[in-house]
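Heads up, upload_10.cif below (mmCIF, C-alpha atoms):
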```cif
data_run
loop_
_atom_site.label_atom_id
_atom_site.label_comp_id
_atom_site.auth_asym_id
_atom_site.auth_seq_id
_atom_site.Cartn_x
_atom_site.Cartn_y
_atom_site.Cartn_z
CA MET A 1 108.07 67.06 65.90
CA SER A 2 106.87 63.73 67.17
CA ALA A 3 103.51 62.04 67.33
CA PRO A 4 102.95 61.24 71.01
CA ASP A 5 99.78 59.29 70.33
CA GLU A 6 101.59 56.71 68.24
CA PRO A 7 102.47 53.53 70.09
CA LEU A 8 106.01 52.30 70.65
CA TRP A 9 107.26 49.13 68.95
CA GLU A 10 110.25 46.93 69.70
CA VAL A 11 112.25 45.81 66.68
CA PHE A 12 113.98 42.45 66.28
CA VAL A 13 116.34 41.78 63.38
CA ARG A 14 117.65 38.46 62.15
CA SER A 15 120.98 39.17 60.54
CA ARG A 16 121.14 35.94 58.54
CA ARG A 17 119.61 32.54 58.19
CA GLY A 18 120.32 30.23 61.06
CA LEU A 19 120.62 32.96 63.67
CA SER A 20 117.81 34.11 65.91
CA HIS A 21 116.18 37.53 65.88
CA VAL A 22 118.01 40.00 68.11
CA HIS A 23 116.55 43.12 69.68
CA ALA A 24 117.73 46.13 67.71
CA GLY A 25 115.82 49.03 69.23
CA SER A 26 112.43 50.65 69.23
CA LEU A 27 110.40 53.10 67.17
CA HIS A 28 107.03 54.84 66.90
CA ALA A 29 104.42 53.89 64.33
CA PRO A 30 100.63 54.12 64.06
CA ASP A 31 100.16 50.40 63.36
CA ALA A 32 102.02 47.13 62.81
CA GLU A 33 102.35 47.47 59.05
CA MET A 34 103.91 50.93 59.31
CA ALA A 35 106.08 49.77 62.20
CA LEU A 36 107.52 47.06 59.98
CA ARG A 37 108.28 49.57 57.24
CA ASN A 38 109.83 52.05 59.66
CA ALA A 39 111.94 49.21 61.03
CA ARG A 40 113.13 48.43 57.52
CA ASP A 41 114.17 52.04 57.05
CA LEU A 42 115.76 52.54 60.45
CA TYR A 43 117.43 49.21 61.19
CA THR A 44 118.24 47.48 57.87
CA ARG A 45 119.66 50.34 55.80
CA ARG A 46 123.09 48.73 55.68
CA GLN A 47 122.03 45.17 54.91
CA GLU A 48 121.82 44.26 58.59
CA GLY A 49 119.04 41.77 58.19
CA VAL A 50 117.06 39.19 56.27
CA SER A 51 114.01 39.17 58.55
CA LEU A 52 112.26 41.63 60.85
CA TRP A 53 109.85 41.33 63.75
CA VAL A 54 108.01 44.21 65.38
CA VAL A 55 106.23 43.79 68.69
CA PRO A 56 104.14 46.36 70.55
CA SER A 57 106.26 47.45 73.52
CA SER A 58 103.13 47.21 75.65
CA ALA A 59 102.99 43.47 74.92
CA ILE A 60 106.31 42.90 76.63
CA THR A 61 106.29 41.94 80.31
CA ALA A 62 109.69 42.76 81.76
CA SER A 63 111.38 41.68 84.97
CA SER A 64 111.71 44.52 87.43
CA PRO A 65 114.98 45.75 88.90
CA GLU A 66 113.62 45.19 92.43
CA GLU A 67 113.23 41.51 91.72
CA LYS A 68 116.81 41.22 90.53
CA ASP A 69 118.08 39.35 93.62
CA ALA A 70 115.27 36.83 93.69
CA PHE A 71 115.39 36.28 89.95
CA PHE A 72 119.07 36.08 89.15
CA ASP A 73 121.29 35.72 92.22
CA PRO A 74 120.35 32.10 93.06
CA ALA A 75 121.92 31.04 89.75
CA ALA A 76 125.31 32.41 90.73
CA ASP A 77 126.64 29.41 92.69
CA LYS A 78 125.00 26.54 90.77
CA VAL A 79 128.05 25.45 88.84
CA TYR A 80 126.37 22.18 87.84
CA ARG A 81 124.06 24.13 85.55
CA HIS A 82 126.93 25.05 83.28
CA PRO A 83 127.96 22.49 80.67
CA THR A 84 131.62 22.97 81.45
CA PHE A 85 132.29 19.23 81.83
CA TYR A 86 132.07 18.54 78.10
CA GLU A 87 134.71 18.82 75.42
CA VAL A 88 133.45 21.16 72.71
CA PRO A 89 134.33 19.77 69.27
CA GLU A 90 136.39 22.09 67.18
CA GLY A 91 134.67 24.12 64.48
CA VAL A 92 131.23 24.16 66.06
CA LYS A 93 129.73 27.61 65.88
CA HIS A 94 126.66 29.02 67.54
CA LEU A 95 126.80 26.58 70.50
CA MET B 1 130.07 55.52 21.51
CA THR B 2 128.24 57.23 18.65
CA ALA B 3 126.31 60.26 19.84
CA GLN B 4 122.57 59.66 20.04
CA PRO B 5 121.18 63.10 20.83
CA GLY B 6 117.53 62.02 20.57
CA LEU B 7 117.90 59.21 23.06
CA ALA B 8 120.09 61.47 25.24
CA ARG B 9 117.20 63.94 25.60
CA TYR B 10 114.87 61.13 26.66
CA VAL B 11 117.27 59.82 29.30
CA LEU B 12 118.02 63.35 30.50
CA ALA B 13 114.32 64.02 31.11
CA LEU B 14 113.98 60.89 33.23
CA ALA B 15 117.14 61.84 35.09
CA ASP B 16 115.75 65.31 35.80
CA ASP B 17 112.51 63.84 37.16
CA ALA B 18 114.48 61.75 39.64
CA LEU B 19 116.92 64.56 40.52
CA ILE B 20 114.33 67.27 41.15
CA SER B 21 112.01 64.90 43.02
CA SER B 22 114.94 63.88 45.20
CA GLN B 23 115.75 67.50 45.98
CA ARG B 24 112.14 68.15 47.01
CA LEU B 25 112.09 65.08 49.26
CA GLY B 26 115.32 66.23 50.89
CA TRP B 27 113.44 69.26 52.17
CA TRP B 28 111.52 66.94 54.52
CA ILE B 29 114.60 65.89 56.46
CA SER B 30 114.10 67.29 59.98
CA ARG B 31 110.54 68.35 59.06
CA ALA B 32 108.63 65.05 58.73
CA PRO B 33 105.82 64.31 61.22
CA GLN B 34 108.07 61.84 63.05
CA LEU B 35 111.74 60.90 63.15
CA GLU B 36 111.00 57.54 61.52
CA GLU B 37 109.46 59.31 58.54
CA ASP B 38 112.49 61.62 58.26
CA VAL B 39 114.67 58.61 57.65
CA ALA B 40 112.17 56.95 55.31
CA LEU B 41 111.89 60.04 53.09
CA ALA B 42 115.65 60.51 53.14
CA ASN B 43 116.08 56.90 52.01
CA ILE B 44 113.60 57.39 49.19
CA GLY B 45 115.17 60.68 48.14
CA LEU B 46 118.63 59.11 48.10
CA ASP B 47 117.35 56.20 46.01
CA GLN B 48 116.05 58.72 43.50
CA LEU B 49 119.33 60.63 43.60
CA GLY B 50 121.17 57.39 42.83
CA GLN B 51 118.89 56.81 39.86
CA ALA B 52 119.39 60.40 38.74
CA ARG B 53 123.18 60.09 38.87
CA GLN B 54 123.23 56.96 36.73
CA LEU B 55 120.75 58.41 34.25
CA LEU B 56 122.62 61.73 34.05
CA ALA B 57 125.94 59.99 33.45
CA HIS B 58 124.34 57.87 30.75
CA ALA B 59 122.66 60.89 29.13
CA GLY B 60 126.06 62.59 29.09
CA ARG B 61 127.60 59.62 27.28
CA LEU B 62 124.75 59.45 24.74
CA GLU B 63 124.95 63.19 24.15
CA GLY B 64 128.62 62.95 23.25
CA LEU B 65 129.52 66.49 24.34
CA GLY B 66 131.76 65.43 27.20
CA ARG B 67 129.43 66.56 29.98
CA ASP B 68 129.47 64.44 33.14
CA GLU B 69 126.75 64.01 35.75
CA ASP B 70 127.90 67.01 37.81
CA GLN B 71 127.97 69.34 34.83
CA LEU B 72 124.49 68.25 33.86
CA ALA B 73 123.10 68.57 37.39
CA TYR B 74 124.78 71.78 38.48
CA PHE B 75 125.63 73.79 35.38
CA ARG B 76 122.43 73.74 33.37
CA ASP B 77 119.90 76.54 33.73
CA GLU B 78 116.18 76.26 34.25
CA ARG B 79 115.21 76.14 30.57
CA ASP B 80 117.54 73.20 30.00
CA PHE B 81 115.87 71.05 32.63
CA ARG B 82 113.35 68.60 31.19
CA ASN B 83 111.60 67.25 34.30
CA VAL B 84 107.80 67.29 34.47
CA CYS B 85 106.39 70.23 36.44
CA LEU B 86 104.72 67.75 38.80
CA VAL B 87 107.96 67.08 40.68
CA GLU B 88 109.37 70.62 40.87
CA ARG B 89 106.55 72.30 42.77
CA VAL B 90 106.90 73.09 46.48
CA GLN B 91 105.64 70.25 48.67
CA ASP B 92 105.56 71.55 52.23
CA ASP B 93 102.39 69.63 53.06
CA PHE B 94 102.83 65.99 54.03
CA GLY B 95 99.63 64.96 52.23
CA VAL B 96 100.89 66.60 49.04
CA ALA B 97 104.22 64.84 49.40
CA MET B 98 102.50 61.47 49.71
CA ALA B 99 99.96 62.10 46.93
CA ARG B 100 102.81 63.11 44.63
CA LEU B 101 105.02 60.20 45.67
CA LEU B 102 102.15 57.84 44.94
CA CYS B 103 101.77 59.22 41.41
CA VAL B 104 105.49 59.49 40.69
CA SER B 105 106.43 56.08 42.06
CA THR B 106 103.52 54.29 40.38
CA TRP B 107 104.60 55.87 37.10
CA GLN B 108 108.30 55.15 37.68
CA HIS B 109 107.51 51.56 38.59
CA ALA B 110 105.70 50.99 35.29
CA LEU B 111 108.32 52.97 33.37
CA TYR B 112 111.40 51.28 34.78
CA GLY B 113 109.71 47.90 34.55
CA ALA B 114 109.21 48.45 30.81
CA LEU B 115 112.65 50.05 30.31
CA ALA B 116 114.30 46.97 31.78
CA GLY B 117 113.59 45.50 28.32
CA SER B 118 115.13 48.46 26.48
CA THR B 119 117.40 47.76 23.52
CA ASP B 120 119.86 50.22 25.12
CA ALA B 121 121.78 47.91 27.46
CA ASP B 122 122.86 50.63 29.90
CA LEU B 123 119.37 52.04 30.22
CA ALA B 124 117.95 48.54 30.71
CA ALA B 125 120.44 47.84 33.51
CA ILE B 126 119.74 51.15 35.29
CA ALA B 127 116.00 50.52 35.07
CA ALA B 128 116.23 46.93 36.29
CA LYS B 129 118.02 48.10 39.44
CA ALA B 130 115.73 51.08 40.01
CA VAL B 131 112.48 49.15 39.72
CA LYS B 132 113.15 47.34 43.00
CA GLU B 133 113.80 50.60 44.81
CA VAL B 134 110.70 52.21 43.36
CA ALA B 135 108.52 49.27 44.43
CA TYR B 136 109.31 50.25 47.99
CA HIS B 137 108.64 53.96 47.40
CA LEU B 138 105.26 53.02 45.99
CA ASP B 139 104.49 50.84 48.98
CA HIS B 140 105.43 53.65 51.36
CA ALA B 141 103.27 56.24 49.59
CA ARG B 142 100.36 53.81 49.26
CA ASN B 143 100.40 53.05 52.97
CA TRP B 144 100.30 56.72 53.90
CA VAL B 145 97.61 57.64 51.37
CA LEU B 146 95.44 54.78 52.68
CA ARG B 147 95.88 55.84 56.29
CA LEU B 148 95.41 59.55 55.72
CA GLY B 149 92.55 59.17 53.25
CA ASP B 150 90.70 56.56 55.25
CA GLY B 151 91.73 57.97 58.63
CA THR B 152 90.00 60.74 60.55
CA GLU B 153 87.67 63.31 59.06
CA PHE B 154 90.49 65.85 59.26
CA SER B 155 93.12 63.65 57.63
CA HIS B 156 90.65 62.68 54.91
CA ALA B 157 90.00 66.33 54.08
CA ARG B 158 93.74 67.06 53.98
CA MET B 159 94.42 64.05 51.74
CA GLN B 160 91.63 65.04 49.36
CA ALA B 161 92.95 68.60 49.20
CA ALA B 162 96.45 67.25 48.48
CA LEU B 163 95.13 65.08 45.68
CA ASP B 164 93.20 68.02 44.22
CA ALA B 165 96.48 69.95 44.12
CA GLU B 166 98.54 67.21 42.46
CA TRP B 167 96.11 65.59 40.06
CA PRO B 168 96.10 68.29 37.33
CA TRP B 169 99.88 67.89 36.96
CA ILE B 170 100.16 64.16 36.33
CA GLU B 171 98.98 64.26 32.72
CA GLU B 172 102.38 65.53 31.60
CA LEU B 173 103.93 62.18 32.54
CA PHE B 174 102.10 60.65 29.55
CA ASP B 175 102.92 63.35 27.00
CA ASP B 176 104.65 62.19 23.79
CA SER B 177 104.90 65.61 22.12
CA TRP B 178 108.45 66.38 23.23
CA LEU B 179 109.99 63.28 21.65
CA GLU B 180 111.00 63.04 18.00
CA PRO B 181 109.07 60.34 16.10
CA GLU B 182 112.29 58.51 15.24
CA VAL B 183 113.16 58.25 18.95
CA LEU B 184 109.70 56.93 19.77
CA GLU B 185 110.09 54.29 17.08
CA GLN B 186 113.28 52.96 18.68
CA GLY B 187 113.13 49.98 20.98
CA ALA B 188 115.24 51.91 23.47
CA VAL B 189 112.48 54.09 24.91
CA VAL B 190 109.01 53.59 26.34
CA ARG B 191 106.32 55.67 24.65
CA PRO B 192 105.04 57.87 27.51
CA SER B 193 101.38 57.64 26.45
CA SER B 194 101.53 53.83 26.61
CA LEU B 195 101.88 54.04 30.38
CA ARG B 196 98.81 56.19 30.93
CA GLU B 197 96.23 53.45 31.25
CA PRO B 198 98.10 51.03 33.55
CA VAL B 199 99.46 53.81 35.78
CA LEU B 200 96.14 55.61 36.24
CA ALA B 201 94.36 52.31 36.91
CA ARG B 202 96.82 51.50 39.65
CA VAL B 203 96.67 54.95 41.25
CA LEU B 204 92.89 55.04 41.09
CA GLU B 205 92.66 51.68 42.84
CA VAL B 206 94.69 53.03 45.77
CA LEU B 207 92.59 56.21 45.84
CA ARG B 208 89.39 54.15 45.89
CA GLN B 209 90.64 52.18 48.90
CA ALA B 210 91.69 55.43 50.53
CA THR B 211 88.15 56.83 50.00
CA VAL B 212 89.43 59.87 48.10
CA ALA B 213 88.57 60.70 44.49
CA PRO B 214 90.47 62.58 41.79
CA PRO B 215 89.04 66.02 41.02
CA GLU B 216 87.14 66.77 37.82
CA SER B 217 89.44 69.71 37.02
CA PRO B 218 91.17 69.77 33.61
CA PRO B 219 94.92 69.11 33.38
CA ALA B 220 97.23 72.02 34.19
CA VAL B 221 99.26 73.58 31.42
CA SER B 222 102.45 71.71 32.19
CA ARG B 223 105.34 72.02 29.73
CA GLY B 224 108.36 71.02 31.78
CA ARG B 225 109.37 68.46 29.15
CA HIS B 226 109.77 71.38 26.75
CA GLY B 227 111.85 73.36 29.25
CA LEU B 228 109.02 75.67 30.33
CA HIS B 229 108.76 75.44 34.10
CA THR B 230 106.80 76.86 36.98
CA GLU B 231 108.42 79.73 38.86
CA GLN B 232 109.22 77.36 41.71
CA LEU B 233 111.96 75.48 39.85
CA GLY B 234 114.27 78.50 39.82
CA TYR B 235 114.36 78.70 43.60
CA LEU B 236 114.99 74.97 43.85
CA LEU B 237 117.89 75.17 41.39
CA ALA B 238 119.39 78.18 43.18
CA GLU B 239 119.59 76.14 46.36
CA MET B 240 120.70 72.92 44.69
CA GLN B 241 123.34 74.47 42.42
CA HIS B 242 124.81 77.35 44.36
CA LEU B 243 127.53 75.41 46.15
CA ALA B 244 128.83 73.72 43.01
CA ARG B 245 128.74 77.02 41.14
CA SER B 246 130.41 79.02 43.91
CA HIS B 247 133.22 76.50 44.18
CA PRO B 248 133.55 74.85 40.75
CA GLY B 249 135.42 71.57 40.87
CA ALA B 250 135.52 71.50 44.67
CA THR B 251 135.68 68.07 46.29
CA TRP B 252 135.20 66.99 49.87
#
```

Structure translated into C-alpha cells:
Amino acid sequence: MSAPDEPLWEVFVRSRRGLSHVHAGSLHAPDAEMALRNARDLYTRRQEGVSLWVVPSSAITASSPEEKDAFFDPAADKVYRHPTFYEVPEGVKHL
Amino acid sequence: MTAQPGLARYVLALADDALISSQRLGWWISRAPQLEEDVALANIGLDQLGQARQLLAHAGRLEGLGRDEDQLAYFRDERDFRNVCLVERVQDDFGVAMARLLCVSTWQHALYGALAGSTDADLAAIAAKAVKEVAYHLDHARNWVLRLGDGTEFSHARMQAALDAEWPWIEELFDDSWLEPEVLEQGAVVRPSSLREPVLARVLEVLRQATVAPPESPPAVSRGRHGLHTEQLGYLLAEMQHLARSHPGATW
C-alpha cells in the first residue's frame, strides 16, 4: 500500500562534520517533520550521518536532458578552467 | 552471582513487555500505510527486541536456574509470561498501534529513565541505553497521534476509537500488587505506581494537542503481571515460538 497523496521529498545526508550534505534518495511523507523522521529511519540506520536535510521534490528545478548540449558541452574544451597548473600539496584532503 | 528471584521476576516482566510488544510491531512489516512506515515500525520493534534480549539474559542470571534468553523467550508457556495485557492484544489497526505505542513508549521512557539510577548495575546500564531508543519511539508515536487526531474528521474518529480501545488497559502498567514488598523496598526497582502521575500527565498532554480525549470507561481487568492473559497471547506465542520448539537448538 502507498499513500499517493503524500508529497515526495529529497533527502540529503551529511556523513560527518566538514563534509557537505549529499543526496541520498527520496521518500514520501505528509509533511516536513515526518519526512525528516522517515529519512532518519530509511537513510541513517547504519550510522551514515550526523545531519539530515529534506527538501520537497517540487522545490527542485532541474536541468532538462534536451538542454544537455547547451548546458554542458561548451565546458568540454576549456582546459584553462581546470586548476591543473598547480602543485597539490601532499596530505590535503577534500580539495 | 547470588540468585535474586524477586528481582529476577521484576526484570522478566519488563523483558516480556518489550518482547511481546516487539512481536506485535513485527506484524506491521509489509502492512504499514506506506513503505517508510514499514521501516520505521521495524526499527522500533527491533529496538524493543534488543531491550528484551538484554533484559531476558539479565533475568536469567538473576534467577540462577541456568536459563538463557532463548530458553526464556521460546520455552516458557503463556502462564509464565509476565507482560501487561496492553501489549499482547492484536493491533491490526494503525491508530491502535500508534495509541498503544504512545502509551508504552511514554511509560518506558519514564521507567528506563528512573532505572538508569538502579542499584543493580546491569539493569542501570540496560536502561540507560534503552532510554535513548525509547525517546525516538515516543516521538514517532506522538507525531502520528497528533496528525491522526488533529487531521481529518475521519482520521480523528479513528484515532478516538483507537484510544477508547487502548485506554482501559494502561492501568496495569502502574500496578504494584505483583511485586513482593521486599523487592519494592530495594533500590534496584522502580515502584510501578510511582510512574502513574508523570506518565499519564505526559500522555494526556499529547492527547489534548491531538484533540482526542481518554474515555470515561473503568480500567479493564488486566492481570498479565500475574500470568493471567487474554486469549490473544496464546496465538502470538504459537507463532513466535514454533520454530524454536520444532527445531530446538537450531542455529542459522

Answer key for the PyMOL selection byres ((chain B and resi 73) around 10), residues as a compact mmCIF listing (two decimals) with C-alpha atoms, in the frame of the given file:
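Output file expr_13.txt is given in full below:
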```
# COMPACT_ATOMS: atom_id res chain seq x y z
CA ALA B 15 117.14 61.84 35.09
CA ASP B 16 115.75 65.31 35.80
CA LEU B 19 116.92 64.56 40.52
CA ILE B 20 114.33 67.27 41.15
CA ALA B 52 119.39 60.40 38.74
CA ARG B 53 123.18 60.09 38.87
CA LEU B 56 122.62 61.73 34.05
CA ALA B 57 125.94 59.99 33.45
CA ARG B 67 129.43 66.56 29.98
CA ASP B 68 129.47 64.44 33.14
CA GLU B 69 126.75 64.01 35.75
CA ASP B 70 127.90 67.01 37.81
CA GLN B 71 127.97 69.34 34.83
CA LEU B 72 124.49 68.25 33.86
CA TYR B 74 124.78 71.78 38.48
CA PHE B 75 125.63 73.79 35.38
CA ARG B 76 122.43 73.74 33.37
CA ASP B 77 119.90 76.54 33.73
CA PHE B 81 115.87 71.05 32.63
CA LEU B 237 117.89 75.17 41.39
CA MET B 240 120.70 72.92 44.69
CA GLN B 241 123.34 74.47 42.42
CA ALA B 244 128.83 73.72 43.01
```

Box centre and edge lengths (Å, one decimal), axis-aligned, stretch 67-83 of chain A plus 6 Å each side, as lines of an AutoDock Vina configuration file:
```
center_x = 120.6
center_y = 31.8
center_z = 87.2
size_x = 26.8
size_y = 31.3
size_z = 25.0
```

Which polymer residues, whether protein, DNA or RNA, lie within 12 Å of the coordinate (112.4, 65.1, 46.2) when you count all atoms listed in the file? List them as number ranges by chain, using the chain letters and numbers from the file.
B: 16-29, 41-49, 52, 86-92, 96-98, 100-101, 104-105, 137, 236, 240

I'd like the contact shell of stretch 35-48 of chain A - 9 Å cut-off, all atoms listed in the file, skipping same-chain residues fewer than 4 positions apart - returned as a PyMOL selection string.
(chain A and resi 8-9+11-16+24-31+52-55) or (chain B and resi 36-37+39-40+43+140)

Under the PyMOL selection byres ((chain B and resi 198-203) around 12), which residues of this model are included? Write them out as a ChimeraX atom specification.
/B:99-111,113-114,138-139,141-142,145-146,163,167,170-171,173-174,192-197,204-210,212-214

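Restricting the calculation to all atoms listed in the file, the smallest distance between chain A and any of B:Gly249, B:Pro33, B:Gly66, B:Pro215 is found for B:Pro33.
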